[in-house]
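Trainee: Questions regarding the structure given below will be posed in turn.
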Amino acid sequence: MTYDETNIFAKILRGELPAKKLYEDDYALAFPDIHPQAPVHVLVIPKGKYISAADFNAKAPPEELTGFYRAVAHIARLMGVEESGYRLICNIGPDSQQMVPHFHVHILGGKKMGHLLAASA
Ligand code: DGP
């Protein structure tokens, strides 16, 4: 599978579609999910062209891997959920219902969540 340059998050990265930037550095961009599932629901995407977490984890150079995952932790802190706790979700491929084929991590928090797949307690 090749990376689809027309995916929505690629367009956000190129500035062709709007998104409220919550955080940006050399490795990551964070913005609110358009359909929030929790009081805090932020998407974090790498700057590079990776289809999924599997693609990113296999192909990204160590500096990008470290920079990205450190940014995710930093953004959770910025969103005020470090102490209360949060959930990271990354959907990979069809069975997970990954909708956007650019790797993204969902940060969900700000409320008590159900165990694992349940959205509410
Ligand atoms: P996933 O199923 O993991 O691929 O989730 C993709 C998420 O992306 C979904 O929760 C909705 C969100 N989303 C889709 N289009 C847009 C958009 O144009 N802007 C923003 N901010 N979020 C979007």
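To be explicit about the labels: the chains of the structure tokens are called A, B, and onward in the order shown, and within each one the residues are counted from 1, while ligands get numbers from 1 in the order they are shown.
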Tell me, which residues of region 70-118 of chain A carry DSSP strand (DSSP E or B), written as a ChimeraX atom specification?

Mentor: /A:86-89,105-109

Trainee: Residues contacting ligand 1 - anything with an atom at most 9 Å away, using only C-alpha atoms and all ligand atoms - can you give me those as a PyMOL selection string?

Mentor: chain A and resi 8-9+11-12+17-20+31-37+41-43+89-93+96-106

Trainee: Restricting the calculation to only C-alpha atoms, which member of A:Gly109, A:Arg77, A:Tyr27, A:Gly15 is positioned closest to Ala60 (chain A)?

Mentor: A:Tyr27

Trainee: Give me, as a ChimeraX atom specification, all polymer residues having an atom no more than 9 Å from region 68-75 of chain A, counting only C-alpha atoms and skipping those fewer than 2 positions away in the same chain.

Mentor: /A:22-30,42,44-47,63-66,77-80,82,105,107

Trainee: Atoms to include: C-alpha atoms. Write the selected residues as a PDB file, in the first residue's frame.

Mentor:
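Here's the written file again31.pdb:
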ATOM      1  CA  LEU A  22      -2.644  22.725  19.802  1.00  0.00           C
ATOM      2  CA  TYR A  23       1.036  21.848  19.486  1.00  0.00           C
ATOM      3  CA  GLU A  24       3.633  21.600  16.761  1.00  0.00           C
ATOM      4  CA  ASP A  25       7.303  20.731  16.615  1.00  0.00           C
ATOM      5  CA  ASP A  26       9.666  19.107  14.092  1.00  0.00           C
ATOM      6  CA  TYR A  27       8.088  15.687  14.588  1.00  0.00           C
ATOM      7  CA  ALA A  28       4.443  16.140  15.475  1.00  0.00           C
ATOM      8  CA  LEU A  29       1.325  18.218  14.986  1.00  0.00           C
ATOM      9  CA  ALA A  30      -1.656  18.079  17.377  1.00  0.00           C
ATOM     10  CA  VAL A  42      -6.685  15.314  20.514  1.00  0.00           C
ATOM     11  CA  VAL A  44      -1.354  13.732  17.122  1.00  0.00           C
ATOM     12  CA  ILE A  45       0.202  13.072  13.731  1.00  0.00           C
ATOM     13  CA  PRO A  46       3.815  12.758  12.609  1.00  0.00           C
ATOM     14  CA  LYS A  47       5.166  15.142   9.989  1.00  0.00           C
ATOM     15  CA  GLU A  63      14.993  10.348  15.907  1.00  0.00           C
ATOM     16  CA  GLU A  64      11.483  10.578  14.417  1.00  0.00           C
ATOM     17  CA  LEU A  65      10.202   7.739  16.599  1.00  0.00           C
ATOM     18  CA  THR A  66      11.541   9.297  19.764  1.00  0.00           C
ATOM     19  CA  ARG A  77       0.683  17.104  29.820  1.00  0.00           C
ATOM     20  CA  LEU A  78      -0.281  20.307  27.972  1.00  0.00           C
ATOM     21  CA  MET A  79      -3.915  19.098  27.801  1.00  0.00           C
ATOM     22  CA  GLY A  80      -3.919  18.679  31.583  1.00  0.00           C
ATOM     23  CA  GLU A  82      -1.143  13.648  32.756  1.00  0.00           C
ATOM     24  CA  VAL A 105      -2.668   8.785  17.846  1.00  0.00           C
ATOM     25  CA  ILE A 107      -5.364  11.158  23.136  1.00  0.00           C
TER      26      ILE A 107
END

Trainee: Could you pull out the alpha helix (DSSP H) residues of chain A from DSSP and send them as a PyMOL selection string?

Mentor: chain A and resi 8-13+53-59+62-78

Trainee: Would you mind exporting C-alpha atoms of the selected residues as a compact mmCIF listing (two decimals), in the first residue's frame?

Mentor:
# COMPACT_ATOMS: atom_id res chain seq x y z
CA ILE A 8 -7.25 14.67 5.09
CA PHE A 9 -4.33 14.81 7.52
CA ALA A 10 -1.82 15.27 4.68
CA LYS A 11 -3.94 18.25 3.60
CA ILE A 12 -3.92 19.63 7.16
CA LEU A 13 -0.12 19.23 7.27
CA ALA A 53 1.41 3.07 13.44
CA ALA A 54 2.67 -0.21 11.97
CA ASP A 55 4.20 1.67 9.02
CA PHE A 56 5.68 4.36 11.29
CA ASN A 57 7.12 1.92 13.82
CA ALA A 58 8.71 -0.15 11.05
CA LYS A 59 10.09 2.63 8.87
CA PRO A 62 14.97 6.54 15.59
CA GLU A 63 14.99 10.35 15.91
CA GLU A 64 11.48 10.58 14.42
CA LEU A 65 10.20 7.74 16.60
CA THR A 66 11.54 9.30 19.76
CA GLY A 67 10.50 12.82 18.79
CA PHE A 68 6.97 11.75 17.98
CA TYR A 69 6.28 9.61 21.05
CA ARG A 70 7.87 12.21 23.36
CA ALA A 71 5.58 14.82 21.76
CA VAL A 72 2.53 12.64 22.51
CA ALA A 73 3.47 12.56 26.20
CA HIS A 74 4.18 16.30 26.18
CA ILE A 75 0.80 17.06 24.56
CA ALA A 76 -1.03 14.95 27.18
CA ARG A 77 0.68 17.10 29.82
CA LEU A 78 -0.28 20.31 27.97

Trainee: What's the separation between CA of Gly85 (chain A) and CA of Lys111 (chain A), in Å to one decimal place?

Mentor: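 Between these atoms lies a distance of 8.9 Å.
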